[in-house]
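Next comes coords05.pdb, with PDB, C-alpha atoms and all ligand atoms.
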```pdb
ATOM      1  CA  MET A   1     224.691 151.278 216.582  1.00  0.00           C
ATOM      2  CA  ARG A   2     221.658 152.551 214.694  1.00  0.00           C
ATOM      3  CA  TYR A   3     220.026 155.572 216.164  1.00  0.00           C
ATOM      4  CA  SER A   4     216.320 155.730 215.583  1.00  0.00           C
ATOM      5  CA  LYS A   5     214.530 158.933 214.727  1.00  0.00           C
ATOM      6  CA  GLN A   6     212.596 158.587 217.975  1.00  0.00           C
ATOM      7  CA  ARG A   7     215.710 158.316 220.063  1.00  0.00           C
ATOM      8  CA  GLU A   8     217.370 161.213 218.330  1.00  0.00           C
ATOM      9  CA  THR A   9     214.299 163.339 218.975  1.00  0.00           C
ATOM     10  CA  VAL A  10     214.046 162.374 222.655  1.00  0.00           C
ATOM     11  CA  TYR A  11     217.750 163.118 223.055  1.00  0.00           C
ATOM     12  CA  SER A  12     217.538 166.479 221.290  1.00  0.00           C
ATOM     13  CA  VAL A  13     214.552 167.512 223.419  1.00  0.00           C
ATOM     14  CA  LEU A  14     216.574 166.821 226.551  1.00  0.00           C
ATOM     15  CA  CYS A  15     219.673 168.556 225.168  1.00  0.00           C
ATOM     16  CA  ALA A  16     217.626 171.689 224.468  1.00  0.00           C
ATOM     17  CA  THR A  17     216.954 172.328 228.152  1.00  0.00           C
ATOM     18  CA  ASP A  18     219.012 172.522 231.310  1.00  0.00           C
ATOM     19  CA  ALA A  19     215.915 172.346 233.498  1.00  0.00           C
ATOM     20  CA  HIS A  20     216.339 168.626 234.298  1.00  0.00           C
ATOM     21  CA  PRO A  21     212.837 167.778 233.066  1.00  0.00           C
ATOM     22  CA  ASP A  22     210.722 164.793 234.046  1.00  0.00           C
ATOM     23  CA  VAL A  23     209.280 162.220 231.632  1.00  0.00           C
ATOM     24  CA  ALA A  24     206.011 164.150 231.284  1.00  0.00           C
ATOM     25  CA  TYR A  25     207.824 167.230 229.962  1.00  0.00           C
ATOM     26  CA  ILE A  26     210.007 165.214 227.571  1.00  0.00           C
ATOM     27  CA  TYR A  27     206.916 163.359 226.298  1.00  0.00           C
ATOM     28  CA  ARG A  28     205.070 166.640 225.689  1.00  0.00           C
ATOM     29  CA  GLU A  29     207.986 168.232 223.824  1.00  0.00           C
ATOM     30  CA  THR A  30     208.771 165.095 221.802  1.00  0.00           C
ATOM     31  CA  ARG A  31     205.136 164.894 220.653  1.00  0.00           C
ATOM     32  CA  LYS A  32     205.426 168.348 219.111  1.00  0.00           C
ATOM     33  CA  ILE A  33     207.940 166.806 216.706  1.00  0.00           C
ATOM     34  CA  LEU A  34     206.651 163.206 216.572  1.00  0.00           C
ATOM     35  CA  PRO A  35     202.900 163.366 217.305  1.00  0.00           C
ATOM     36  CA  ASP A  36     202.467 159.573 217.222  1.00  0.00           C
ATOM     37  CA  ILE A  37     205.083 158.642 219.814  1.00  0.00           C
ATOM     38  CA  SER A  38     203.788 156.964 222.976  1.00  0.00           C
ATOM     39  CA  LEU A  39     204.790 157.664 226.552  1.00  0.00           C
ATOM     40  CA  GLY A  40     206.125 154.101 226.804  1.00  0.00           C
ATOM     41  CA  THR A  41     208.399 154.656 223.805  1.00  0.00           C
ATOM     42  CA  VAL A  42     209.720 157.921 225.234  1.00  0.00           C
ATOM     43  CA  TYR A  43     210.413 156.173 228.512  1.00  0.00           C
ATOM     44  CA  ARG A  44     212.140 153.224 226.837  1.00  0.00           C
ATOM     45  CA  ASN A  45     214.331 155.554 224.812  1.00  0.00           C
ATOM     46  CA  LEU A  46     215.277 157.497 227.933  1.00  0.00           C
ATOM     47  CA  ASN A  47     216.249 154.263 229.660  1.00  0.00           C
ATOM     48  CA  GLU A  48     218.393 153.251 226.694  1.00  0.00           C
ATOM     49  CA  LEU A  49     220.107 156.637 226.609  1.00  0.00           C
ATOM     50  CA  VAL A  50     220.836 156.312 230.345  1.00  0.00           C
ATOM     51  CA  ALA A  51     222.166 152.764 229.863  1.00  0.00           C
ATOM     52  CA  GLU A  52     224.529 154.015 227.164  1.00  0.00           C
ATOM     53  CA  GLY A  53     225.753 156.893 229.281  1.00  0.00           C
ATOM     54  CA  LEU A  54     224.485 159.615 226.943  1.00  0.00           C
ATOM     55  CA  ILE A  55     222.208 161.113 229.577  1.00  0.00           C
ATOM     56  CA  LYS A  56     221.895 160.864 233.336  1.00  0.00           C
ATOM     57  CA  ARG A  57     218.996 160.110 235.603  1.00  0.00           C
ATOM     58  CA  VAL A  58     218.733 162.686 238.357  1.00  0.00           C
ATOM     59  CA  SER A  59     217.153 161.687 241.597  1.00  0.00           C
ATOM     60  CA  ALA A  60     215.690 164.236 243.923  1.00  0.00           C
ATOM     61  CA  GLU A  61     214.031 163.473 247.198  1.00  0.00           C
ATOM     62  CA  GLY A  62     210.254 163.337 246.916  1.00  0.00           C
ATOM     63  CA  GLY A  63     210.067 164.354 243.259  1.00  0.00           C
ATOM     64  CA  ALA A  64     209.461 162.604 239.961  1.00  0.00           C
ATOM     65  CA  GLU A  65     212.426 161.077 238.187  1.00  0.00           C
ATOM     66  CA  ARG A  66     214.308 163.718 236.175  1.00  0.00           C
ATOM     67  CA  PHE A  67     216.792 163.548 233.335  1.00  0.00           C
ATOM     68  CA  ASP A  68     219.937 165.498 232.487  1.00  0.00           C
ATOM     69  CA  ALA A  69     221.760 165.698 229.151  1.00  0.00           C
ATOM     70  CA  ASN A  70     224.793 167.170 230.895  1.00  0.00           C
ATOM     71  CA  ILE A  71     226.921 164.133 231.720  1.00  0.00           C
ATOM     72  CA  GLU A  72     229.940 166.081 232.976  1.00  0.00           C
ATOM     73  CA  PRO A  73     230.402 165.627 236.725  1.00  0.00           C
ATOM     74  CA  HIS A  74     228.459 168.412 238.390  1.00  0.00           C
ATOM     75  CA  ALA A  75     226.477 169.027 241.520  1.00  0.00           C
ATOM     76  CA  HIS A  76     222.777 169.849 241.669  1.00  0.00           C
ATOM     77  CA  LEU A  77     220.861 172.279 243.789  1.00  0.00           C
ATOM     78  CA  VAL A  78     217.325 171.103 244.477  1.00  0.00           C
ATOM     79  CA  CYS A  79     215.069 173.967 245.481  1.00  0.00           C
ATOM     80  CA  VAL A  80     213.084 173.146 248.610  1.00  0.00           C
ATOM     81  CA  GLY A  81     210.643 175.904 247.632  1.00  0.00           C
ATOM     82  CA  CYS A  82     209.631 174.973 244.080  1.00  0.00           C
ATOM     83  CA  GLY A  83     211.424 171.706 243.348  1.00  0.00           C
ATOM     84  CA  LYS A  84     213.506 173.170 240.528  1.00  0.00           C
ATOM     85  CA  ILE A  85     216.866 171.487 239.912  1.00  0.00           C
ATOM     86  CA  THR A  86     219.747 173.685 238.829  1.00  0.00           C
ATOM     87  CA  ASP A  87     223.366 172.890 238.027  1.00  0.00           C
ATOM     88  CA  VAL A  88     225.886 174.124 240.548  1.00  0.00           C
ATOM     89  CA  LYS A  89     228.803 175.658 238.698  1.00  0.00           C
ATOM     90  CA  SER A  90     231.228 175.715 241.618  1.00  0.00           C
ATOM     91  CA  SER A  91     233.960 173.110 241.287  1.00  0.00           C
ATOM     92  CA  ARG A  92     234.043 172.856 245.067  1.00  0.00           C
ATOM     93  CA  PHE A  93     231.229 170.348 244.838  1.00  0.00           C
ATOM     94  CA  ASN A  94     232.642 168.148 242.122  1.00  0.00           C
ATOM     95  CA  LEU A  95     233.832 165.227 244.163  1.00  0.00           C
ATOM     96  CA  THR A  96     236.821 163.293 243.094  1.00  0.00           C
ATOM     97  CA  HIS A  97     236.133 159.703 243.908  1.00  0.00           C
ATOM     98  CA  GLU A  98     239.391 158.180 244.931  1.00  0.00           C
ATOM     99  CA  LEU A  99     238.090 155.225 246.885  1.00  0.00           C
ATOM    100  CA  ASP A 100     238.691 151.791 245.400  1.00  0.00           C
ATOM    101  CA  GLY A 101     235.751 150.561 243.396  1.00  0.00           C
ATOM    102  CA  VAL A 102     233.935 153.894 243.229  1.00  0.00           C
ATOM    103  CA  VAL A 103     233.029 154.819 239.660  1.00  0.00           C
ATOM    104  CA  ARG A 104     230.998 157.957 240.160  1.00  0.00           C
ATOM    105  CA  ALA A 105     229.848 160.392 242.771  1.00  0.00           C
ATOM    106  CA  GLU A 106     226.835 162.651 242.892  1.00  0.00           C
ATOM    107  CA  VAL A 107     226.340 165.700 245.012  1.00  0.00           C
ATOM    108  CA  THR A 108     222.860 167.036 245.647  1.00  0.00           C
ATOM    109  CA  LEU A 109     222.438 170.222 247.616  1.00  0.00           C
ATOM    110  CA  TYR A 110     219.101 171.350 249.003  1.00  0.00           C
ATOM    111  CA  GLY A 111     218.252 175.018 249.338  1.00  0.00           C
ATOM    112  CA  LEU A 112     216.360 177.847 247.672  1.00  0.00           C
ATOM    113  CA  CYS A 113     216.780 178.802 244.017  1.00  0.00           C
ATOM    114  CA  ASP A 114     217.329 182.430 242.990  1.00  0.00           C
ATOM    115  CA  ALA A 115     213.652 183.010 242.182  1.00  0.00           C
ATOM    116  CA  CYS A 116     212.490 181.612 245.534  1.00  0.00           C
ATOM    117  CA  ARG A 117     215.090 183.616 247.447  1.00  0.00           C
ATOM    118  CA  GLN A 118     213.867 186.764 245.718  1.00  0.00           C
ATOM    119  CA  ASN A 119     210.233 185.980 246.527  1.00  0.00           C
ATOM    120  CA  ARG A 120     211.066 185.579 250.196  1.00  0.00           C
ATOM    121  CA  SER A 121     212.925 188.845 250.499  1.00  0.00           C
ATOM    122  CA  GLU A 122     210.186 190.905 248.865  1.00  0.00           C
TER     123      GLU A 122
HETATM  124 ZN    ZN B 201     212.687 177.620 243.827  1.00  0.00          ZN
HETATM  125 ZN    ZN B 202     222.508 168.847 235.864  1.00  0.00          ZN
END
```
Re-express the file's structure as structure tokens.
Amino acid sequence: MRYSKQRETVYSVLCATDAHPDVAYIYRETRKILPDISLGTVYRNLNELVAEGLIKRVSAEGGAERFDANIEPHAHLVCVGCGKITDVKSSRFNLTHELDGVVRAEVTLYGLCDACRQNRSE
């Protein structure tokens, strides 16, 4: 498998953040390195990386599609205040999927992130 410069760059941009960015962010950051890349190319490369299991697509209710370079099983907390997606470190939420035919499980929790909780208590 030949990895293109474009794909490597898109992948490294995503690996550099744990903020679960959307396509717009990845496009903006990738263009700092490859000014000529198009949004369509960024999107195609993201889809290929997802198809090959190198990154994950993160779905959150009501928000734009987000991407995650962390492919270890982990739960997400989606902030109902600001929409931020953070990784949940607790292993309590890492489901083991023992049902026949199940290949993966995703846990999404909805609540307030640290920053939003602080804002509310001030
Ligand atoms: Zn928040
Ligand atoms: Zn994550």
- Take atom CA of A:Leu14 and atom CA of A:Gly53 and report the distance between them in Å, one decimal.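 Going from atom CA of A:Leu14 over to atom CA of A:Gly53, I get 13.8 Å.
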Report as CSV: every residue of chain A with an atom at most 10 Å from ligand ZN 201 (chain B), its closest pair of atoms, and their distance in Å to one decimal, counting only C-alpha atoms and all ligand atoms, with rows sorted by chain and ascending residue number.
```
residue,atom,partner,partner_atom,distance
A:Leu77,CA,B:ZN201,ZN,9.8
A:Val78,CA,B:ZN201,ZN,8.0
A:Cys79,CA,B:ZN201,ZN,4.7
A:Val80,CA,B:ZN201,ZN,6.6
A:Gly81,CA,B:ZN201,ZN,4.6
A:Cys82,CA,B:ZN201,ZN,4.1
A:Gly83,CA,B:ZN201,ZN,6.1
A:Lys84,CA,B:ZN201,ZN,5.6
A:Ile85,CA,B:ZN201,ZN,8.4
A:Thr86,CA,B:ZN201,ZN,9.5
A:Gly111,CA,B:ZN201,ZN,8.3
A:Leu112,CA,B:ZN201,ZN,5.3
A:Cys113,CA,B:ZN201,ZN,4.3
A:Asp114,CA,B:ZN201,ZN,6.7
A:Ala115,CA,B:ZN201,ZN,5.7
A:Cys116,CA,B:ZN201,ZN,4.3
A:Arg117,CA,B:ZN201,ZN,7.4
A:Gln118,CA,B:ZN201,ZN,9.4
A:Asn119,CA,B:ZN201,ZN,9.1
```
Write the selection just made, keeping C-alpha atoms, as a PDB file, in the frame of the given file?
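And here is the file that came out, again_19.pdb:
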```pdb
ATOM      1  CA  LEU A  77     220.861 172.279 243.789  1.00  0.00           C
ATOM      2  CA  VAL A  78     217.325 171.103 244.477  1.00  0.00           C
ATOM      3  CA  CYS A  79     215.069 173.967 245.481  1.00  0.00           C
ATOM      4  CA  VAL A  80     213.084 173.146 248.610  1.00  0.00           C
ATOM      5  CA  GLY A  81     210.643 175.904 247.632  1.00  0.00           C
ATOM      6  CA  CYS A  82     209.631 174.973 244.080  1.00  0.00           C
ATOM      7  CA  GLY A  83     211.424 171.706 243.348  1.00  0.00           C
ATOM      8  CA  LYS A  84     213.506 173.170 240.528  1.00  0.00           C
ATOM      9  CA  ILE A  85     216.866 171.487 239.912  1.00  0.00           C
ATOM     10  CA  THR A  86     219.747 173.685 238.829  1.00  0.00           C
ATOM     11  CA  GLY A 111     218.252 175.018 249.338  1.00  0.00           C
ATOM     12  CA  LEU A 112     216.360 177.847 247.672  1.00  0.00           C
ATOM     13  CA  CYS A 113     216.780 178.802 244.017  1.00  0.00           C
ATOM     14  CA  ASP A 114     217.329 182.430 242.990  1.00  0.00           C
ATOM     15  CA  ALA A 115     213.652 183.010 242.182  1.00  0.00           C
ATOM     16  CA  CYS A 116     212.490 181.612 245.534  1.00  0.00           C
ATOM     17  CA  ARG A 117     215.090 183.616 247.447  1.00  0.00           C
ATOM     18  CA  GLN A 118     213.867 186.764 245.718  1.00  0.00           C
ATOM     19  CA  ASN A 119     210.233 185.980 246.527  1.00  0.00           C
TER      20      ASN A 119
END
```
- Task: Any chance you could resolve the PyMOL selection byres (((not hetatm)) within 9 of (chain B and resi 202)) against this file and give the residues as a list in words?
- Result: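 In the shown coordinates, the PyMOL selection byres (((not hetatm)) within 9 of (chain B and resi 202)) covers Asp18, Ala19, His20, Lys56, Val58, Phe67, Asp68, Ala69, Asn70, Ile71, Glu72, Pro73, His74, Ala75, His76, Leu77, Ile85, Thr86, Asp87 and Val88 of chain A.
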Output the selection as a PDB file, in the coordinates of the input - C-alpha atoms for each residue.
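result13.pdb was written with the following content:
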```pdb
ATOM      1  CA  ASP A  18     219.012 172.522 231.310  1.00  0.00           C
ATOM      2  CA  ALA A  19     215.915 172.346 233.498  1.00  0.00           C
ATOM      3  CA  HIS A  20     216.339 168.626 234.298  1.00  0.00           C
ATOM      4  CA  LYS A  56     221.895 160.864 233.336  1.00  0.00           C
ATOM      5  CA  VAL A  58     218.733 162.686 238.357  1.00  0.00           C
ATOM      6  CA  PHE A  67     216.792 163.548 233.335  1.00  0.00           C
ATOM      7  CA  ASP A  68     219.937 165.498 232.487  1.00  0.00           C
ATOM      8  CA  ALA A  69     221.760 165.698 229.151  1.00  0.00           C
ATOM      9  CA  ASN A  70     224.793 167.170 230.895  1.00  0.00           C
ATOM     10  CA  ILE A  71     226.921 164.133 231.720  1.00  0.00           C
ATOM     11  CA  GLU A  72     229.940 166.081 232.976  1.00  0.00           C
ATOM     12  CA  PRO A  73     230.402 165.627 236.725  1.00  0.00           C
ATOM     13  CA  HIS A  74     228.459 168.412 238.390  1.00  0.00           C
ATOM     14  CA  ALA A  75     226.477 169.027 241.520  1.00  0.00           C
ATOM     15  CA  HIS A  76     222.777 169.849 241.669  1.00  0.00           C
ATOM     16  CA  LEU A  77     220.861 172.279 243.789  1.00  0.00           C
ATOM     17  CA  ILE A  85     216.866 171.487 239.912  1.00  0.00           C
ATOM     18  CA  THR A  86     219.747 173.685 238.829  1.00  0.00           C
ATOM     19  CA  ASP A  87     223.366 172.890 238.027  1.00  0.00           C
ATOM     20  CA  VAL A  88     225.886 174.124 240.548  1.00  0.00           C
TER      21      VAL A  88
END
```
- Record the distance separating atom CA of A:Lys89 and atom CA of A:Glu8, expressed in Å with one decimal.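 Separating atom CA of A:Lys89 from atom CA of A:Glu8 is a distance of 27.5 Å.
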- Mind telling me what the PyMOL selection byres (((chain A and resi 35-45) around 8) and not hetatm) catches here, as a ChimeraX atom specification? /A:6-7,10,23,26-27,30-34,46-49
- Record the distance separating atom CA of A:Asp100 and atom CA of A:Glu61, expressed in Å with one decimal. 27.3 Å
- Query: A:Tyr110, A:Ala16, A:Tyr11, A:Ala24: which is nearest A:Ala60, counting only C-alpha atoms?
  - Reply: A:Tyr110
